[in-house]
$ cat target-v1.tsv   # TSV, C-alpha atoms
chain	number	residue	atom	x	y	z
A	1	GLY	CA	-3.84	78.64	-122.14
A	2	ILE	CA	-0.87	80.35	-123.76
A	3	ILE	CA	0.98	78.61	-126.59
A	4	PRO	CA	3.59	80.77	-128.37
A	5	ASP	CA	4.42	80.05	-131.99
A	6	LEU	CA	8.17	79.97	-131.37
A	7	ILE	CA	10.90	80.51	-128.80
A	8	ILE	CA	13.90	82.51	-130.00
A	9	ASN	CA	16.89	81.12	-128.10
A	10	ALA	CA	19.86	83.50	-128.27
A	11	LEU	CA	21.55	82.38	-125.04
A	12	TYR	CA	24.58	80.82	-126.72
A	13	LEU	CA	24.95	82.94	-129.84
A	14	GLU	CA	28.40	84.52	-129.89
A	15	HIS	CA	28.36	86.70	-133.00
A	16	LEU	CA	25.48	89.09	-132.49
A	17	GLU	CA	25.99	92.67	-133.52
A	18	GLU	CA	25.16	95.45	-131.09
A	19	GLY	CA	21.58	95.97	-132.27
A	20	ALA	CA	20.68	92.28	-132.37
A	21	TYR	CA	22.33	91.69	-129.01
A	22	ALA	CA	20.26	94.45	-127.39
A	23	ARG	CA	17.06	92.80	-128.60
A	24	PHE	CA	17.84	89.11	-128.12
A	25	GLY	CA	21.21	88.66	-126.39
A	26	ASP	CA	21.58	86.31	-123.40
A	27	ALA	CA	17.86	85.48	-123.37
A	28	THR	CA	15.12	83.35	-124.78
A	29	THR	CA	12.22	85.32	-126.26
A	30	LEU	CA	8.65	84.23	-126.90
A	31	GLY	CA	7.37	84.94	-130.40
A	32	ASP	CA	3.88	84.91	-131.86
A	33	VAL	CA	3.07	85.11	-135.57
A	34	LYS	CA	0.07	87.19	-136.67
A	35	THR	CA	-1.38	88.21	-140.02
A	36	LEU	CA	-3.17	91.47	-140.68
A	37	ALA	CA	-5.89	91.36	-143.33
A	38	PRO	CA	-6.99	94.50	-145.19
A	39	GLY	CA	-9.71	96.38	-143.33
A	40	GLN	CA	-10.19	98.81	-140.47
A	41	ALA	CA	-6.73	98.16	-139.09
A	42	TYR	CA	-5.37	100.11	-142.06
A	43	SER	CA	-7.99	102.84	-142.31
A	44	GLU	CA	-7.88	103.56	-138.57
A	45	SER	CA	-4.10	103.87	-138.32
A	46	PRO	CA	-3.21	107.45	-137.31
A	47	SER	CA	0.17	107.27	-139.04
A	48	MET	CA	0.87	107.40	-142.76
A	49	ALA	CA	4.28	105.76	-142.28
A	50	PHE	CA	4.84	102.48	-144.12
A	51	GLY	CA	4.20	99.55	-141.81
A	52	ALA	CA	2.45	101.57	-139.09
A	53	SER	CA	-0.54	99.22	-139.00
A	54	VAL	CA	1.49	96.03	-138.61
A	55	GLN	CA	3.69	97.68	-135.99
A	56	LYS	CA	0.61	98.68	-134.00
A	57	ARG	CA	-0.64	95.09	-134.18
A	58	ALA	CA	2.77	93.82	-133.06
A	59	GLY	CA	2.57	95.99	-129.95
A	60	ARG	CA	-0.77	94.46	-129.06
A	61	VAL	CA	0.75	90.95	-129.09
A	62	HIS	CA	2.85	91.76	-126.01
A	63	GLU	CA	-0.11	93.36	-124.24
A	64	ASP	CA	-2.50	90.50	-125.08
A	65	TYR	CA	-0.08	87.87	-123.78
A	66	HIS	CA	0.26	89.59	-120.42
A	67	LYS	CA	-3.48	90.19	-120.13
A	68	THR	CA	-4.10	86.51	-120.80
A	69	ALA	CA	-1.48	85.54	-118.23
A	70	LYS	CA	-3.17	87.69	-115.58
A	71	LYS	CA	-6.56	86.15	-116.37
A	72	LEU	CA	-5.14	82.65	-116.02
A	73	ASP	CA	-3.48	83.60	-112.73
A	74	ALA	CA	-6.77	85.05	-111.49
A	75	LYS	CA	-8.45	81.69	-112.15
A	76	LEU	CA	-5.73	80.08	-110.05
A	77	GLY	CA	-6.56	82.40	-107.14
A	78	THR	CA	-3.89	85.10	-107.60
A	79	HIS	CA	-4.91	88.56	-106.41
A	80	ALA	CA	-5.12	91.34	-109.03
A	81	ASP	CA	-2.19	93.26	-107.53
A	82	ALA	CA	0.08	90.19	-107.33
A	83	THR	CA	2.14	88.30	-109.87
A	84	GLY	CA	0.97	84.74	-110.32
A	85	PRO	CA	2.79	81.63	-111.56
A	86	VAL	CA	1.77	82.04	-115.21
A	87	GLU	CA	3.00	85.62	-115.46
A	88	THR	CA	6.12	84.72	-113.48
A	89	GLU	CA	6.95	82.01	-116.00
A	90	MET	CA	6.32	84.42	-118.88
A	91	ASN	CA	8.61	87.02	-117.32
A	92	SER	CA	11.43	84.46	-117.28
A	93	TYR	CA	11.62	84.84	-121.08
A	94	ASN	CA	13.54	88.01	-121.92
A	95	SER	CA	12.00	89.88	-118.96
A	96	GLY	CA	8.50	89.14	-120.24
A	97	ARG	CA	9.01	90.65	-123.66
A	98	VAL	CA	6.88	88.94	-126.34
A	99	SER	CA	7.91	89.50	-129.93
A	100	GLY	CA	4.99	90.12	-132.29
A	101	LEU	CA	5.91	88.79	-135.73
A	102	VAL	CA	3.22	90.40	-137.88
A	103	VAL	CA	2.72	90.08	-141.64
A	104	GLY	CA	0.51	92.66	-143.34
A	105	ALA	CA	-1.87	92.32	-146.26
A	106	PHE	CA	0.51	94.14	-148.62
A	107	GLY	CA	3.66	92.16	-147.85
A	108	GLU	CA	4.92	94.47	-145.13
A	109	VAL	CA	6.21	93.04	-141.86
A	110	SER	CA	6.69	94.36	-138.34
A	111	MET	CA	10.08	95.48	-137.07
A	112	GLN	CA	10.23	92.31	-134.96
A	113	VAL	CA	10.36	90.20	-138.12
A	114	ARG	CA	13.27	92.27	-139.41
A	115	ASP	CA	14.98	91.93	-136.03
A	116	LEU	CA	14.69	88.15	-136.25
A	117	ALA	CA	16.03	88.17	-139.81
A	118	ASP	CA	18.99	90.25	-138.62
A	119	LEU	CA	19.63	87.78	-135.81
A	120	VAL	CA	19.82	84.88	-138.27
A	121	ALA	CA	21.94	86.90	-140.71
A	122	CYS	CA	24.50	87.59	-137.95
A	123	GLU	CA	25.00	83.89	-137.31
A	124	LEU	CA	25.10	82.97	-141.00
A	125	ASN	CA	27.66	85.69	-141.56
A	126	ALA	CA	29.86	84.41	-138.72
A	127	GLU	CA	29.80	80.88	-140.16
A	128	HIS	CA	30.66	82.26	-143.60
A	129	LEU	CA	33.60	84.34	-142.36
A	130	ALA	CA	35.04	81.32	-140.57
A	131	LEU	CA	35.63	79.77	-144.01
A	132	PHE	CA	36.04	82.72	-146.38
A	133	ASP	CA	38.20	85.83	-146.27
A	134	ASP	CA	35.52	88.37	-147.17
A	135	ALA	CA	34.80	91.85	-145.90
A	136	MET	CA	32.57	91.51	-142.85
A	137	ASN	CA	30.13	94.31	-143.73
A	138	GLU	CA	29.70	93.16	-147.32
A	139	SER	CA	29.04	89.53	-146.40
A	140	LYS	CA	26.61	90.59	-143.64
A	141	GLN	CA	24.67	92.65	-146.17
A	142	MET	CA	24.52	89.64	-148.45
A	143	PHE	CA	22.98	87.42	-145.76
A	144	THR	CA	20.63	90.17	-144.62
A	145	GLN	CA	19.40	90.56	-148.19
A	146	ARG	CA	18.99	86.79	-148.51
A	147	MET	CA	16.90	86.61	-145.34
A	148	ARG	CA	14.68	89.51	-146.33
A	149	ARG	CA	14.21	88.14	-149.83
A	150	SER	CA	13.33	84.72	-148.46
A	151	ILE	CA	10.83	86.14	-145.96
A	152	GLY	CA	9.31	88.44	-148.58
A	153	LEU	CA	8.88	85.55	-151.00
A	154	ALA	CA	7.26	83.39	-148.31
A	155	VAL	CA	4.90	86.21	-147.32
A	156	HIS	CA	3.66	86.89	-150.85
A	157	ARG	CA	3.32	83.19	-151.67
A	158	GLY	CA	1.37	82.66	-148.45
A	159	TRP	CA	-1.11	85.43	-149.21
A	160	ALA	CA	-1.45	84.24	-152.82
A	161	LYS	CA	-2.26	80.69	-151.70
A	162	LEU	CA	-4.80	82.00	-149.20
A	163	LEU	CA	-6.55	84.05	-151.89
A	164	LEU	CA	-6.60	81.10	-154.29
A	165	ASP	CA	-8.02	78.80	-151.61
A	166	ARG	CA	-10.77	81.28	-150.82
A	167	CYS	CA	-11.53	81.70	-154.52
A	168	ARG	CA	-11.90	77.93	-154.89
A	169	ASP	CA	-14.22	77.82	-151.89
A	170	LEU	CA	-16.44	80.43	-153.54
A	171	VAL	CA	-16.55	79.24	-157.14
A	172	GLN	CA	-15.47	75.60	-157.32
A	173	ASP	CA	-17.98	72.79	-157.06
A	174	PRO	CA	-17.20	71.02	-153.77
A	175	ARG	CA	-17.68	67.68	-155.53
A	176	GLN	CA	-14.71	68.40	-157.79
A	177	PRO	CA	-11.28	67.21	-156.60
A	178	ARG	CA	-8.95	69.91	-155.34
A	179	THR	CA	-5.68	70.47	-157.19
A	180	HIS	CA	-4.10	71.94	-154.07
A	181	THR	CA	-2.51	69.01	-152.24
A	182	ARG	CA	0.09	68.36	-149.63
A	183	GLU	CA	2.44	67.15	-152.34
A	184	THR	CA	2.34	70.52	-154.11
A	185	ASP	CA	3.03	72.25	-150.80
A	186	GLU	CA	6.10	70.07	-150.29
A	187	ASP	CA	7.29	70.74	-153.85
A	188	ASP	CA	6.85	74.49	-153.34
A	189	ALA	CA	8.78	74.37	-150.07
A	190	GLU	CA	11.64	72.43	-151.70
A	191	ALA	CA	11.82	74.91	-154.59
A	192	HIS	CA	11.78	77.83	-152.16
A	193	GLU	CA	14.61	76.34	-150.10
A	194	TYR	CA	16.67	75.63	-153.21
A	195	PHE	CA	16.23	79.21	-154.45
A	196	HIS	CA	17.12	80.69	-151.06
A	197	PHE	CA	20.39	78.79	-150.61
A	198	HIS	CA	21.63	78.62	-154.20
A	199	GLN	CA	20.43	81.75	-155.98
A	200	THR	CA	23.01	84.34	-154.96
A	201	ARG	CA	23.91	87.65	-156.49
A	202	GLY	CA	26.83	87.79	-158.89
A	203	GLY	CA	29.99	89.78	-158.24
A	204	GLY	CA	32.13	90.09	-155.15
A	205	GLY	CA	33.74	86.73	-155.78
A	206	HIS	CA	30.56	84.80	-154.91
A	207	ARG	CA	29.39	81.96	-157.07
A	208	HIS	CA	26.23	82.71	-159.06
A	209	THR	CA	23.96	79.78	-159.91
A	210	ARG	CA	20.60	79.58	-161.60
A	211	GLN	CA	17.70	77.37	-160.79
A	212	VAL	CA	16.96	75.17	-163.79
$ encode --input "target-v1.tsv" --output "structure tokens"
Amino acid sequence: GIIPDLIINALYLEHLEEGAYARFGDATTLGDVKTLAPGQAYSESPSMAFGASVQKRAGRVHEDYHKTAKKLDAKLGTHADATGPVETEMNSYNSGRVSGLVVGAFGEVSMQVRDLADLVACELNAEHLALFDDAMNESKQMFTQRMRRSIGLAVHRGWAKLLLDRCRDLVQDPRQPRTHTRETDEDDAEAHEYFHFHQTRGGGGHRHTRQV
């Protein structure tokens, strides 16, 4: 079957900027999260541009979803030149566009991840401006930077945990108790959330706090 990782619902968002509105406005969009490990995907990329490999993988997400939908429809008896019920349902989400949220091995992300961060920053900025008399562009930049910093931190921590887990699998005696537990995951998540919402940049009249 097809199970997307998330559905981006922008139907009732009222404060999207022009770019974010063009990508998400008045629609719900399917999203699928992928990771790209170091290997041939990087060496085979024809472009030397930063992020070319993850962007190529993101494009394949959309194609793979529609190929899978056609295969499922074929099993249901749909002819190859017709649109079956599975693909019809998929096309009801933002005209069938599937957003590939790809994280690379070196902390880089696909443009779709940045688009989603911009979508969230637009709404956070609108809520902020409803309470504070700040310059719109400056406050939007603040929330955009917060989102990117939060995503970047999550990406690097995720890869670091994966590498540590694999290292333990290779060198640690399986009879020894693991130090990596659900409790530590919850503590890490709480610390991450605290940092994201309370560690702001100084200046511009914004309060600057430190995590103790």
$ residues_near_point --input "target-v1.tsv" --point "(18.9, 87.0, -124.5)" --cutoff "7 Å" --atoms "all atoms listed in the file" --output "PyMOL selection string"
chain A and resi 10-11+24-28+94
$ closest_residue --input "target-v1.tsv" --among "A:Gly96, A:Gly31, A:Gly1, A:Gly107" --to "Thr68 in chain A" --atoms "all atoms listed in the file"
A:Gly1
$ residues_around --input "target-v1.tsv" --residues "range 111-125 of chain A" --least-positions-apart "3" --cutoff "9 Å" --atoms "all atoms listed in the file" --output "PyMOL selection string"
chain A and resi 8+10+13-17+19-21+23-24+51+54-55+58+99-103+128-130+136+139-148+151
$ atom_distance --input "target-v1.tsv" --atom1 "CA of Phe106 in chain A" --atom2 "CA of Cys167 in chain A"
18.3 Å
$ atom_distance --input "target-v1.tsv" --atom1 "CA of Ser110 in chain A" --atom2 "CA of His62 in chain A"
13.2 Å
$ atom_distance --input "target-v1.tsv" --atom1 "CA of Asp133 in chain A" --atom2 "CA of Gly152 in chain A"
29.1 Å
$ closest_residue --input "target-v1.tsv" --among "A:Val155, A:Leu36, A:Val86, A:Met48" --to "Tyr65 in chain A" --atoms "all atoms listed in the file"
A:Val86
